[in-house]
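Reviewing the structure listed below.
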Amino acid sequence: MIRVGFVIVALAVFVAIAGPFLSAYDPNAQELARRLEGPSLSHPLGLDELGRDILARILAGARVSLLVGLVVVTISSVTGMFFGSVAGYFGGRVDDVISRVVDVLMAFPGILLAIALVAVLGPSLRNVVLALSVIGWVGYARLVRGQALRAREFEFVQAARALGAGSPRIVLRHVLPTAFPSVVVQATLGMAGAIIAEAALSFLGLGVQPPTPSWGTMLDAGRSHLFDAPHLTIFPGVAIAILVLGFNFLGDGLRDRIDPKMSQ
Amino acid sequence: MTPLLEVRNLVKEFTRSQGLFSAPSVVRAVDVVSFSIAEGETFGLVGESGSGKTTTGRCILRLIEPTAGEVRFKGEDVLAFSRARMRAARRDMQIVFQDPYSSLNPRMRAGDIVEEPLIIHRTGRKVERRARVAELFELVGLDPTQLARYPHQFSGGQRQRIGLARALALNPSLVIADEPVSALDVSVQAQVINLLMDLQERLKLTYLFIAHDLRLVRHICDRVAVMYLGKIVETGPTESLFAAPAHPYTRALLSAIPIPDPAVPRQRIVLDPASFDRTAPLREVSSGHHAAV
């Protein structure tokens, strides 16, 4: 499983980097006379409503999906690790305040909050990343808080305190590293979540703006041709499904490696 | 002469909330404990699990903040120290933990573990620190070529030596040894105990030795205090306490020591908690030997 996931993710990363060189067509070049044409030898995945090569657009869209996923996961996990470890290690009132904020954010349906944020800030890729990070960090914070709470009692953490280590050093050197493996798993699974969320926001017209190719906007464009040209929605849909599956396989596999007790 | 460490009326209470509607319950883990340790001495703190001996040790180092009482180290009130002053004072008082597995960070190399106290207290340059780490490795009988190994690549006894090297890195005068050998094999216990005694002589260390193994305590301690349910019930010179235990609890504890001779008839005393007054104050039964009877 972990191998399948790894291959899919590695392939997607390769495509995102080498995308423009893998297809003979410019993802924005239009061939209006052949619009909505189905798959053929010259265009393996067919052409969209403006006569653009769907394969070229999917390859280019991988870049947006991975970039959003990577940036969102990086911002969320770093923020989450910071607040989570502070809450868990110091406890008391600091923990109360951070945990309540986390609770409140968790009570919102994430995607709804993201839609509201993007609606207020205006649709753009940057605001999508911002909105997804605002809701994304709480998961990491809760995870890391739990680990920090446990790590605080470890004897090697007590030993560091007995040696006179300050709190920043203890958190960075001794507490966070114990949480790191779980964060890596969470981040891998979080990539899948962020990719779906980006596609959803783009589908709603709140994300990447045309003509930049994104799998979400491609789905949106295909919606009005669902019956006469289903390949417009099927192929980007399949691309999203495969990449998300790949990240999920990878994340689950990593978790099994890190914690064999969970693998049942 | 002022003692190196003086503990007076130390109290540690833990409060535990019992749900929303009932008052929190208070457990007195350490109940008005007093003792003092002279420089170069080995003072044993014995008792069964839960008697409060570990909590006492942690309170002295302020790893747990005591509820009340006084801890004087070299005449200074440790509990009144500011955070910065306390961190500086930690150079002089160190701890060796019971579990050599959980007391070393599994993600750090042995050399880095021993170097950490030197980094924390900004001692020397990188090269000097590495030299000091190698020296410490040799001091505790480890091979300095194994600095780059991780804790799991060492045996239990070797790990305890790493913990000891870490504790000694800053040249402390007081070492609190919290059951330092109870997690080790019997054959390895002797080696580590001998190392502790050898180091004491070479480095003029003072030990607070926390243990439940009475034979060990008898072997290495100059004076002993017996703890029962958070209180010291008997204290005195090791010889006198072992020869003439005055408190019923001490007698019961001593009767539990195995005798390596099947021919000797065993008289195992079972403690009857109703047979003594738990509130009795310590009184002198012989020179320097006090018991709560």
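Within each chain, counting starts at residue 1; across the structure tokens, chains are named A, B, ... in the order shown, with ligands numbered 1 upward in that order.
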* **Those of region 56-208 of chain B in DSSP strand (DSSP E), formatted as an MDAnalysis selection string** => chainID B and resid 68:73 76:77 93:96 174:178 206:208
Save the residues we just selected, N, CA and C atoms, as a compact mmCIF listing (two decimals), in the first residue's frame?
# COMPACT_ATOMS: atom_id res chain seq x y z
N ALA B 68 4.89 23.13 50.82
CA ALA B 68 5.42 23.91 51.94
C ALA B 68 6.75 23.32 52.37
N GLY B 69 7.44 24.06 53.23
CA GLY B 69 8.71 23.55 53.75
C GLY B 69 9.90 24.34 53.25
N GLU B 70 11.06 23.82 53.57
CA GLU B 70 12.28 24.55 53.28
C GLU B 70 13.33 23.57 52.76
N VAL B 71 14.03 23.96 51.71
CA VAL B 71 15.15 23.15 51.22
C VAL B 71 16.36 24.05 51.20
N ARG B 72 17.36 23.73 52.03
CA ARG B 72 18.56 24.56 52.06
C ARG B 72 19.71 23.79 51.47
N PHE B 73 20.34 24.39 50.46
CA PHE B 73 21.49 23.77 49.82
C PHE B 73 22.68 24.70 50.02
N GLU B 76 21.72 27.98 51.45
CA GLU B 76 20.81 28.88 50.76
C GLU B 76 19.45 28.24 50.55
N ASP B 77 18.40 29.05 50.63
CA ASP B 77 17.05 28.55 50.49
C ASP B 77 16.71 28.34 49.00
N MET B 93 23.46 20.39 41.66
CA MET B 93 22.65 19.29 42.17
C MET B 93 22.03 18.54 41.00
N GLN B 94 22.35 17.29 40.90
CA GLN B 94 21.90 16.53 39.75
C GLN B 94 21.14 15.27 40.16
N ILE B 95 20.54 14.63 39.17
CA ILE B 95 19.73 13.46 39.46
C ILE B 95 20.04 12.34 38.47
N VAL B 96 20.04 11.12 38.98
CA VAL B 96 20.14 9.94 38.13
C VAL B 96 18.81 9.21 38.27
N LEU B 174 26.03 17.48 44.77
CA LEU B 174 24.99 16.56 45.25
C LEU B 174 24.39 15.80 44.08
N VAL B 175 24.30 14.48 44.22
CA VAL B 175 23.62 13.68 43.21
C VAL B 175 22.48 12.93 43.88
N ILE B 176 21.27 13.15 43.38
CA ILE B 176 20.13 12.39 43.87
C ILE B 176 20.00 11.17 42.98
N ALA B 177 20.22 10.00 43.56
CA ALA B 177 20.14 8.78 42.78
C ALA B 177 18.80 8.12 43.09
N ASP B 178 17.87 8.24 42.14
CA ASP B 178 16.51 7.77 42.36
C ASP B 178 16.39 6.32 41.88
N THR B 206 28.28 13.86 47.13
CA THR B 206 27.32 13.56 48.19
C THR B 206 26.11 12.94 47.54
N TYR B 207 25.65 11.82 48.08
CA TYR B 207 24.51 11.15 47.46
C TYR B 207 23.27 11.18 48.34
N LEU B 208 22.14 11.46 47.71
CA LEU B 208 20.86 11.10 48.32
C LEU B 208 20.40 9.87 47.55
* To do: Please provide the set of residues having any atom within 7 Å of Ser255 (chain B), restricted to only C-alpha atoms, with same-chain residues fewer than 3 positions apart removed, written as JSON, numbers by chain.
  => {"B": [251, 252, 267, 268, 269]}
Next, dump the selected residues to file, keeping only N, CA and C atoms, as a CSV table (one decimal), in the first residue's frame.
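The result, stored in part11.csv:
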chain,number,residue,atom,x,y,z
B,251,ARG,N,10.9,-2.7,61.2
B,251,ARG,CA,11.1,-4.1,61.5
B,251,ARG,C,10.4,-5.0,60.4
B,252,ALA,N,9.2,-4.6,60.0
B,252,ALA,CA,8.5,-5.4,59.0
B,252,ALA,C,9.3,-5.4,57.7
B,267,GLN,N,11.5,-15.4,59.7
B,267,GLN,CA,10.4,-14.9,60.5
B,267,GLN,C,9.9,-13.6,59.8
B,268,ARG,N,8.9,-13.8,58.9
B,268,ARG,CA,8.4,-12.7,58.2
B,268,ARG,C,7.4,-11.9,59.0
B,269,ILE,N,7.7,-10.7,59.3
B,269,ILE,CA,6.7,-9.9,60.1
B,269,ILE,C,5.7,-9.2,59.2
Quick one: contact table of chain B to chain A, 12 Å max, nearest atom pair and distance in Å to one decimal per residue, counting only C-alpha atoms, chain and number order, as CSV?
residue,atom,partner,partner_atom,distance
B:Gly57,CA,A:Ala162,CA,11.4
B:Arg58,CA,A:Ala162,CA,9.1
B:Cys59,CA,A:Ala162,CA,11.2
B:Ile60,CA,A:Ala162,CA,10.7
B:Leu61,CA,A:Ala162,CA,7.0
B:Arg62,CA,A:Ala162,CA,8.3
B:Leu63,CA,A:Ala162,CA,6.7
B:Ile64,CA,A:Gln158,CA,9.8
B:Arg83,CA,A:Gly164,CA,9.6
B:Ala84,CA,A:Gly164,CA,9.1
B:Arg85,CA,A:Gly164,CA,10.0
B:Met86,CA,A:Gly164,CA,7.8
B:Arg87,CA,A:Gly164,CA,4.5
B:Ala88,CA,A:Gly164,CA,7.0
B:Ala89,CA,A:Gly164,CA,8.2
B:Arg90,CA,A:Gly164,CA,5.7
B:Arg91,CA,A:Leu163,CA,6.9
B:Asp92,CA,A:Leu163,CA,9.6
B:Met93,CA,A:Ala162,CA,8.3
B:Gln94,CA,A:Ala162,CA,6.6
B:Ile95,CA,A:Ala162,CA,7.1
B:Val96,CA,A:Ala159,CA,8.3
B:Phe97,CA,A:Glu155,CA,7.4
B:Gln98,CA,A:Glu155,CA,9.0
B:Asp99,CA,A:Glu155,CA,8.0
B:Pro100,CA,A:Glu155,CA,9.2
B:Tyr101,CA,A:Glu155,CA,9.0
B:Ser102,CA,A:Glu155,CA,5.6
B:Ser103,CA,A:Phe156,CA,4.1
B:Leu104,CA,A:Phe156,CA,5.1
B:Asn105,CA,A:Phe156,CA,5.6
B:Pro106,CA,A:Phe156,CA,9.0
B:Arg107,CA,A:Pro177,CA,7.7
B:Met108,CA,A:Arg173,CA,9.0
B:Asp112,CA,A:Arg173,CA,11.1
B:Ile113,CA,A:Ala160,CA,9.5
B:Val114,CA,A:Leu163,CA,10.7
B:Glu115,CA,A:Leu163,CA,11.0
B:Glu116,CA,A:Ala160,CA,8.3
B:Pro117,CA,A:Leu163,CA,5.8
B:Leu118,CA,A:Leu163,CA,9.2
B:Ile119,CA,A:Ala165,CA,9.2
B:Ile120,CA,A:Ala165,CA,5.8
B:His121,CA,A:Gly164,CA,7.8
B:Arg122,CA,A:Ala165,CA,11.1
B:Pro151,CA,A:Phe156,CA,11.7
B:Gly163,CA,A:Ala159,CA,9.1
B:Leu164,CA,A:Ala159,CA,11.2
B:Arg166,CA,A:Leu163,CA,8.7
B:Ala167,CA,A:Leu163,CA,7.8
B:Leu168,CA,A:Leu163,CA,10.3
B:Ala169,CA,A:Leu163,CA,9.7
B:Leu170,CA,A:Leu163,CA,8.9
B:Asn171,CA,A:Leu163,CA,11.7
B:Pro172,CA,A:Leu163,CA,10.5
B:Val175,CA,A:Ala162,CA,11.1
B:Ile176,CA,A:Ala162,CA,10.7
B:Asp178,CA,A:Glu155,CA,11.5
* To do: Within 10 Å of Ser124 (chain A), counting only C-alpha atoms, which residues show up once you throw out same-chain ones fewer than 4 positions away? Write them as an NGL selection string, please.
  => :A and (118-119 or 128-130 or 201-202 or 205-209)
* **Long-range neighbours of region 214-226 of chain B as an NGL selection string, 6 Å cut-off, only C-alpha atoms, 6 positions minimum in chain** => :B and (42-47 or 232-238)
* To do: Tell me, in Å to one decimal, how far CA of Val171 (chain A) is from CA of Gly111 (chain B).
  => 20.1 Å
* For region 99-105 of chain A, list every protein, DNA or RNA residue within 8 Å, evaluated using only C-alpha atoms, and leave out those in the same chain fewer than 6 positions away; present the list as JSON, numbers by chain. => {"A": [87, 135, 138, 141, 142]}
* Skip Leu47 (chain A) itself and residues of its chain fewer than 3 positions away, then list as a PyMOL selection string all residues within 12 Å of it, counting only C-alpha atoms. => chain A and resi 25+27-44+50-58+218+222+229-233+235
* **Who sits within 7 Å of Pro213 (chain A), only C-alpha atoms, same chain under 3 positions skipped, as an NGL selection string** => :A and (57 or 60-61 or 210)
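Taking CA of Pro66 (chain B) and CA of Gln200 (chain B) as the two end points, the separation is 28.2 Å.
Considering only C-alpha atoms, the residue among A:Ala200, A:Ile98, A:Ala62, A:Val183 positioned nearest to Leu112 (chain A) is A:Ala200.
You will find CA of Val78 (chain A) at 13.9 Å from CA of Thr188 (chain A).
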* Structure fact -> Judged by only C-alpha atoms, the minimum distance to Val140 (chain B) among B:Pro258, B:Pro273, B:Gly157, B:Gly124 is found for B:Gly157
* To do: Return as a VMD selection string the full set of residues in region 14-231 of chain A whose backbone-based DSSP assignment is helix (DSSP H, G or I).
  => chain A and resid 14 to 22 32 to 34 54 to 90 92 to 107 110 to 121 125 to 151 155 to 162 167 to 203 215 to 223 231
Requested write-out: C-alpha atoms of the selected residues, as a short mmCIF file (atom, residue, chain, number, x, y, z; two decimals), in the first residue's frame:
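Written out: selection-v9.cif:
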data_model
loop_
_atom_site.label_atom_id
_atom_site.label_comp_id
_atom_site.auth_asym_id
_atom_site.auth_seq_id
_atom_site.Cartn_x
_atom_site.Cartn_y
_atom_site.Cartn_z
CA PHE A 14 7.29 14.59 -11.37
CA VAL A 15 4.32 15.68 -13.49
CA ALA A 16 3.98 18.93 -11.57
CA ILE A 17 7.64 19.75 -12.18
CA ALA A 18 7.98 18.46 -15.75
CA GLY A 19 4.34 19.07 -16.81
CA PRO A 20 4.85 21.49 -19.72
CA PHE A 21 7.40 19.18 -21.33
CA LEU A 22 5.22 16.07 -21.16
CA LEU A 32 -12.40 26.27 -31.10
CA ALA A 33 -13.43 24.23 -34.15
CA ARG A 34 -12.82 21.00 -32.23
CA ILE A 54 -7.47 18.17 -21.40
CA LEU A 55 -4.32 16.10 -20.81
CA ALA A 56 -2.17 19.25 -20.96
CA ARG A 57 -4.52 21.01 -18.53
CA ILE A 58 -4.54 18.09 -16.10
CA LEU A 59 -0.74 17.99 -16.13
CA ALA A 60 -0.61 21.73 -15.50
CA GLY A 61 -3.35 21.48 -12.85
CA ALA A 62 -1.26 18.99 -10.86
CA ARG A 63 1.09 21.87 -10.14
CA VAL A 64 -1.66 23.99 -8.59
CA SER A 65 -3.02 21.08 -6.53
CA LEU A 66 0.35 20.04 -5.14
CA LEU A 67 1.47 23.60 -4.53
CA VAL A 68 -1.67 24.45 -2.59
CA GLY A 69 -1.42 21.19 -0.66
CA LEU A 70 2.24 21.73 0.19
CA VAL A 71 1.91 25.36 1.25
CA VAL A 72 -1.26 24.75 3.27
CA VAL A 73 0.22 21.73 5.02
CA THR A 74 3.48 23.56 5.78
CA ILE A 75 1.77 26.62 7.24
CA SER A 76 -0.80 24.54 9.14
CA SER A 77 1.66 22.07 10.60
CA VAL A 78 4.21 24.67 11.71
CA THR A 79 1.49 26.82 13.30
CA GLY A 80 -0.19 23.76 14.80
CA MET A 81 3.08 22.40 16.19
CA PHE A 82 3.86 25.73 17.80
CA PHE A 83 0.51 26.22 19.52
CA GLY A 84 0.05 22.53 20.29
CA SER A 85 3.42 22.14 21.98
CA VAL A 86 3.05 25.38 23.91
CA ALA A 87 -0.42 24.33 25.12
CA GLY A 88 0.64 20.81 26.01
CA TYR A 89 3.96 21.63 27.62
CA PHE A 90 2.96 24.64 29.69
CA GLY A 92 -2.69 25.73 32.76
CA ARG A 93 -4.20 28.91 31.47
CA VAL A 94 -2.14 28.98 28.26
CA ASP A 95 -3.51 25.55 27.43
CA ASP A 96 -7.06 26.62 28.26
CA VAL A 97 -6.94 29.59 25.88
CA ILE A 98 -5.36 27.68 22.99
CA SER A 99 -7.59 24.65 23.45
CA ARG A 100 -10.76 26.75 23.45
CA VAL A 101 -9.74 28.47 20.22
CA VAL A 102 -9.08 25.03 18.73
CA ASP A 103 -12.47 23.80 19.94
CA VAL A 104 -14.26 26.76 18.39
CA LEU A 105 -12.50 26.34 15.04
CA MET A 106 -13.20 22.61 15.09
CA ALA A 107 -16.89 23.24 15.71
CA GLY A 110 -14.11 23.54 7.74
CA ILE A 111 -15.04 24.02 4.12
CA LEU A 112 -17.88 26.40 5.05
CA LEU A 113 -15.48 28.56 7.02
CA ALA A 114 -13.04 28.52 4.11
CA ILE A 115 -15.83 29.57 1.70
CA ALA A 116 -16.81 32.41 4.01
CA LEU A 117 -13.19 33.56 4.36
CA VAL A 118 -12.52 33.50 0.62
CA ALA A 119 -15.83 35.23 -0.04
CA VAL A 120 -14.75 38.04 2.29
CA LEU A 121 -11.13 38.23 1.12
CA LEU A 125 -5.10 31.21 -4.98
CA ARG A 126 -3.41 33.08 -2.14
CA ASN A 127 -6.65 33.51 -0.23
CA VAL A 128 -7.52 29.84 -0.72
CA VAL A 129 -4.19 28.91 0.87
CA LEU A 130 -4.84 31.37 3.69
CA ALA A 131 -8.36 30.11 4.35
CA LEU A 132 -7.33 26.46 4.31
CA SER A 133 -4.44 27.18 6.67
CA VAL A 134 -6.70 29.02 9.10
CA ILE A 135 -8.83 25.92 9.47
CA GLY A 136 -6.00 23.44 8.95
CA TRP A 137 -3.69 24.20 11.87
CA VAL A 138 -6.14 23.14 14.58
CA GLY A 139 -5.83 19.45 13.73
CA TYR A 140 -2.06 19.59 14.15
CA ALA A 141 -2.38 21.65 17.31
CA ARG A 142 -4.67 19.10 18.92
CA LEU A 143 -2.43 16.21 17.87
CA VAL A 144 0.77 17.84 19.09
CA ARG A 145 -0.84 19.04 22.32
CA GLY A 146 -1.71 15.48 23.22
CA GLN A 147 1.80 14.29 22.48
CA ALA A 148 3.36 17.17 24.41
CA LEU A 149 1.13 16.45 27.38
CA ARG A 150 2.48 12.92 27.41
CA ALA A 151 6.08 13.90 26.69
CA GLU A 155 11.96 11.10 32.35
CA PHE A 156 14.27 12.50 29.69
CA VAL A 157 12.21 15.69 29.70
CA GLN A 158 12.49 15.78 33.50
CA ALA A 159 16.21 15.17 33.10
CA ALA A 160 16.52 18.15 30.76
CA ARG A 161 14.72 20.32 33.31
CA ALA A 162 17.01 19.03 36.05
CA SER A 167 11.48 25.77 28.10
CA PRO A 168 12.21 26.66 24.44
CA ARG A 169 15.08 24.18 24.39
CA ILE A 170 13.03 21.44 26.05
CA VAL A 171 10.13 21.92 23.67
CA LEU A 172 12.31 22.05 20.55
CA ARG A 173 14.83 19.34 21.44
CA HIS A 174 12.80 16.91 23.51
CA VAL A 175 9.05 17.43 23.21
CA LEU A 176 8.49 18.23 19.53
CA PRO A 177 10.65 15.39 18.20
CA THR A 178 8.41 12.88 19.98
CA ALA A 179 5.40 14.33 18.17
CA PHE A 180 7.13 14.64 14.81
CA PRO A 181 6.36 11.18 13.39
CA SER A 182 2.63 11.66 13.99
CA VAL A 183 2.82 15.11 12.43
CA VAL A 184 4.39 13.64 9.29
CA VAL A 185 1.53 11.14 9.02
CA GLN A 186 -1.04 13.84 9.64
CA ALA A 187 0.63 16.10 7.06
CA THR A 188 0.56 13.39 4.42
CA LEU A 189 -3.13 12.79 5.02
CA GLY A 190 -3.56 16.56 5.23
CA MET A 191 -2.19 16.92 1.68
CA ALA A 192 -5.14 14.83 0.49
CA GLY A 193 -7.58 16.99 2.43
CA ALA A 194 -6.05 20.23 1.14
CA ILE A 195 -6.15 19.01 -2.46
CA ILE A 196 -9.85 18.16 -2.19
CA ALA A 197 -10.59 21.46 -0.45
CA GLU A 198 -8.76 23.42 -3.14
CA ALA A 199 -10.67 21.57 -5.85
CA ALA A 200 -13.94 22.28 -4.05
CA LEU A 201 -13.20 25.99 -3.70
CA SER A 202 -12.06 26.24 -7.32
CA PHE A 203 -15.17 24.34 -8.38
CA TRP A 215 -8.70 20.43 -11.47
CA GLY A 216 -11.51 22.14 -9.56
CA THR A 217 -12.21 24.74 -12.23
CA MET A 218 -12.08 22.02 -14.89
CA LEU A 219 -14.78 20.11 -13.02
CA ASP A 220 -16.82 23.29 -12.84
CA ALA A 221 -16.49 23.92 -16.56
CA GLY A 222 -17.43 20.34 -17.35
CA ARG A 223 -20.57 20.54 -15.22
CA HIS A 231 -14.91 13.40 -20.48
#
